[in-house]
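Asker: What follows is data.csv; its format and atoms are CSV, C-alpha atoms.
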chain,number,residue,atom,x,y,z
L,1,MET,CA,0.0,0.0,0.0
L,2,SER,CA,1.3,3.5,-0.7
L,3,ASN,CA,2.4,5.7,2.1
L,4,GLN,CA,-0.5,8.1,1.3
L,5,SER,CA,-3.6,7.7,3.4
L,6,LEU,CA,-6.7,6.3,1.7
L,7,PRO,CA,-9.5,8.6,0.9
L,8,LEU,CA,-11.9,9.1,3.8
L,9,ALA,CA,-14.9,6.8,4.0
L,10,ALA,CA,-18.4,8.0,3.3
L,11,THR,CA,-19.8,9.8,6.2
L,12,SER,CA,-23.3,9.2,7.6
L,13,GLY,CA,-24.6,12.2,5.7
L,14,GLU,CA,-23.7,10.8,2.3
L,15,CYS,CA,-26.1,8.6,0.4
L,16,CYS,CA,-23.8,6.4,-1.5
L,17,SER,CA,-20.7,4.3,-1.2
L,18,PRO,CA,-17.6,5.7,-2.8
L,19,LEU,CA,-17.7,3.0,-5.4
L,20,ILE,CA,-20.9,4.1,-7.0
L,21,ARG,CA,-20.6,7.9,-6.2
L,22,GLU,CA,-17.7,8.3,-8.6
L,23,PRO,CA,-15.0,6.1,-10.3
L,24,LEU,CA,-12.1,5.0,-8.1
L,25,SER,CA,-8.8,6.7,-8.8
L,26,THR,CA,-6.0,4.5,-10.1
L,27,ASP,CA,-4.1,4.8,-6.8
L,28,TRP,CA,-7.1,4.1,-4.6
L,29,ALA,CA,-8.2,1.1,-6.8
L,30,GLY,CA,-4.6,-0.3,-6.5
L,31,ASP,CA,-4.6,0.1,-2.7
L,32,LEU,CA,-8.1,-1.6,-2.4
L,33,ALA,CA,-7.1,-4.3,-4.8
L,34,ARG,CA,-4.0,-5.2,-2.7
L,35,MET,CA,-6.2,-5.4,0.4
L,36,PHE,CA,-8.9,-7.5,-1.3
L,37,LYS,CA,-6.2,-9.8,-2.9
L,38,ALA,CA,-4.6,-10.3,0.5
L,39,LEU,CA,-8.0,-11.3,2.0
L,40,GLY,CA,-8.7,-13.6,-0.9
L,41,ASP,CA,-6.5,-16.3,0.7
L,42,PRO,CA,-8.4,-18.4,3.3
L,43,VAL,CA,-5.3,-18.6,5.6
L,44,ARG,CA,-4.8,-14.8,5.5
L,45,LEU,CA,-8.5,-14.2,6.1
L,46,ARG,CA,-8.4,-16.5,9.2
L,47,LEU,CA,-5.2,-14.8,10.4
L,48,LEU,CA,-6.9,-11.4,10.2
L,49,SER,CA,-9.9,-12.8,12.1
L,50,LEU,CA,-7.7,-14.4,14.7
L,51,VAL,CA,-5.7,-11.2,15.3
L,52,ALA,CA,-8.9,-9.0,15.3
L,53,SER,CA,-10.7,-11.3,17.8
L,54,HIS,CA,-7.8,-11.9,20.1
L,55,ALA,CA,-8.0,-10.5,23.6
L,56,GLY,CA,-6.8,-6.9,23.7
L,57,GLY,CA,-7.1,-6.6,19.9
L,58,GLU,CA,-3.5,-7.8,19.2
L,59,ALA,CA,-1.9,-11.2,19.0
L,60,CYS,CA,1.6,-12.6,19.2
L,61,VAL,CA,2.7,-14.9,16.4
L,62,CYS,CA,3.2,-17.5,19.2
L,63,ASP,CA,-0.6,-17.2,20.1
L,64,ILE,CA,-1.9,-17.9,16.6
L,65,SER,CA,0.6,-20.3,15.0
L,66,ASP,CA,-1.0,-23.3,16.6
L,67,SER,CA,-4.3,-22.6,14.9
L,68,PHE,CA,-2.7,-23.7,11.5
L,69,ASP,CA,-1.1,-26.8,10.2
L,70,LEU,CA,1.6,-24.6,8.6
L,71,SER,CA,5.2,-23.8,9.4
L,72,GLN,CA,6.1,-20.6,11.2
L,73,PRO,CA,7.8,-19.1,8.2
L,74,THR,CA,4.7,-19.7,6.1
L,75,ILE,CA,2.5,-18.0,8.7
L,76,SER,CA,5.0,-15.1,8.9
L,77,HIS,CA,4.8,-14.8,5.1
L,78,HIS,CA,1.0,-14.5,5.2
L,79,LEU,CA,1.2,-12.0,8.0
L,80,LYS,CA,3.7,-10.0,6.0
L,81,VAL,CA,1.3,-9.9,3.0
L,82,LEU,CA,-1.5,-8.6,5.3
L,83,ARG,CA,0.9,-6.0,6.7
L,84,GLU,CA,2.1,-4.9,3.2
L,85,ALA,CA,-1.6,-4.6,2.1
L,86,GLY,CA,-2.2,-2.2,5.0
L,87,LEU,CA,-4.5,-4.4,7.0
L,88,LEU,CA,-2.2,-5.2,9.9
L,89,ASP,CA,0.6,-3.4,11.8
L,90,CYS,CA,3.1,-5.0,14.1
L,91,GLU,CA,5.7,-4.4,16.7
L,92,ARG,CA,8.6,-6.6,17.9
L,93,ARG,CA,8.7,-7.2,21.6
L,94,GLY,CA,11.7,-9.2,22.6
L,95,THR,CA,11.8,-12.3,20.5
L,96,TRP,CA,8.1,-12.2,19.4
L,97,VAL,CA,6.2,-10.0,17.0
L,98,TYR,CA,2.7,-8.7,18.0
L,99,TYR,CA,0.1,-7.9,15.3
L,100,TRP,CA,-3.1,-5.8,15.3
L,101,VAL,CA,-5.7,-4.9,12.7
L,102,LEU,CA,-5.8,-1.4,11.3
L,103,PRO,CA,-9.4,-0.3,11.8
L,104,ALA,CA,-9.1,2.4,9.1
L,105,ALA,CA,-8.3,-0.1,6.5
L,106,LEU,CA,-11.3,-2.3,7.4
L,107,GLN,CA,-13.5,0.8,7.3
L,108,GLN,CA,-12.2,1.6,3.8
L,109,LEU,CA,-13.1,-1.9,2.6
L,110,SER,CA,-16.5,-1.7,4.2
L,111,SER,CA,-17.4,1.8,3.0
L,112,VAL,CA,-16.4,1.1,-0.6
L,113,LEU,CA,-18.7,-1.9,-0.8
L,114,SER,CA,-21.6,-0.4,1.2
L,115,ALA,CA,-25.1,-0.3,-0.3
L,116,ALA,CA,-26.0,2.7,-2.4
L,117,ASP,CA,-29.0,3.5,-0.2
L,118,PRO,CA,-28.5,2.6,3.5
L,119,THR,CA,-32.3,2.4,3.8
L,120,ALA,CA,-32.6,-0.1,0.9
L,121,ASP,CA,-34.4,-3.4,1.6
L,122,ASP,CA,-31.8,-6.2,2.0
L,123,ALA,CA,-34.1,-8.4,-0.2
L,124,ALA,CA,-33.7,-6.0,-3.1
L,125,LEU,CA,-29.9,-6.4,-2.9
L,126,VAL,CA,-30.1,-10.2,-2.9
L,127,THR,CA,-32.2,-10.3,-6.0
L,128,ALA,CA,-30.0,-7.9,-8.0
With the file now loaded, output its structure as structure tokens.
Answerer:
Amino acid sequence: MSNQSLPLAATSGECCSPLIREPLSTDWAGDLARMFKALGDPVRLRLLSLVASHAGGEACVCDISDSFDLSQPTISHHLKVLREAGLLDCERRGTWVYYWVLPAALQQLSSVLSAADPTADDAALVTA
């Protein structure tokens, strides 16, 4: 993800998601694509979920490694992909690395895919 911050999410006073309000810029589309691509792998999606749901909102690699039948280097690779996509951040504490989810990134993913009309009937969205 670029060092620039992502555009602000739609505020409650706006009617539409950024995706249907106007075309995405090339940079924003690239940043979003990296995040969605990172989440497209089941292991990375589970890792993000494990980190987000861990007590205190952060997890040590040592706390989540046993949840997978994968080597520690493979788990570290997946965590690196999530970090490079801008979904996680981390900090080394002694010999372990602790990870936490970046709420602003999740808000960006959520807002860009939100329904055009927040009052729309969910059934209408399913039949579309």
Asker: Counting only C-alpha atoms, select every polymer residue within 10 Å of (-0.6, -8.0, 14.1) as defined in the file's coordinates, and provide the selection as a CSV table (one decimal) with C-alpha atoms, keeping the file's coordinate frame.
Answerer:
chain,number,residue,atom,x,y,z
L,47,LEU,CA,-5.2,-14.8,10.4
L,48,LEU,CA,-6.9,-11.4,10.2
L,50,LEU,CA,-7.7,-14.4,14.7
L,51,VAL,CA,-5.7,-11.2,15.3
L,52,ALA,CA,-8.9,-9.0,15.3
L,57,GLY,CA,-7.1,-6.6,19.9
L,58,GLU,CA,-3.5,-7.8,19.2
L,59,ALA,CA,-1.9,-11.2,19.0
L,60,CYS,CA,1.6,-12.6,19.2
L,61,VAL,CA,2.7,-14.9,16.4
L,79,LEU,CA,1.2,-12.0,8.0
L,80,LYS,CA,3.7,-10.0,6.0
L,82,LEU,CA,-1.5,-8.6,5.3
L,83,ARG,CA,0.9,-6.0,6.7
L,87,LEU,CA,-4.5,-4.4,7.0
L,88,LEU,CA,-2.2,-5.2,9.9
L,89,ASP,CA,0.6,-3.4,11.8
L,90,CYS,CA,3.1,-5.0,14.1
L,91,GLU,CA,5.7,-4.4,16.7
L,97,VAL,CA,6.2,-10.0,17.0
L,98,TYR,CA,2.7,-8.7,18.0
L,99,TYR,CA,0.1,-7.9,15.3
L,100,TRP,CA,-3.1,-5.8,15.3
L,101,VAL,CA,-5.7,-4.9,12.7
L,102,LEU,CA,-5.8,-1.4,11.3
Asker: L:Ile20, L:Ser114, L:Leu106, L:Arg34: which is nearest L:Ser49, counting only C-alpha atoms?
Answerer: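 Closest candidate: L:Leu106.
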Asker: Could you check which of L:Asp27, L:Ser111, L:Arg92, L:His78 is closest to L:Asp41, using only C-alpha atoms?
Answerer: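 Result for the nearest residue to L:Asp41: L:His78.
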Asker: Nearest residue to L:Phe68 out of L:Val112, L:Ala85, L:Val43, L:Ala55, using all atoms listed in the file?
Answerer: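 With all atoms listed in the file as the atom set, the closest residue is L:Val43.
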Asker: With all atoms listed in the file as the atoms that count, which of L:Leu19, L:Arg44, L:Pro103, L:Leu32 lies nearest to L:Thr74?
Answerer: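 The shortest atom-to-atom distance to L:Thr74 comes from L:Arg44.
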Asker: What is the distance, in Å and to one decimal place, between atom CA of L:Arg46 and atom CA of L:Gln108?
Answerer: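 Answer for the atom CA of L:Arg46 to atom CA of L:Gln108 separation: 19.3 Å.
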Asker: Measuring between only C-alpha atoms, which one of L:Arg21, L:Thr95, L:Leu70, L:Thr26 shows the shortest distance to L:Leu113?
Answerer: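 The shortest atom-to-atom distance to L:Leu113 comes from L:Arg21.
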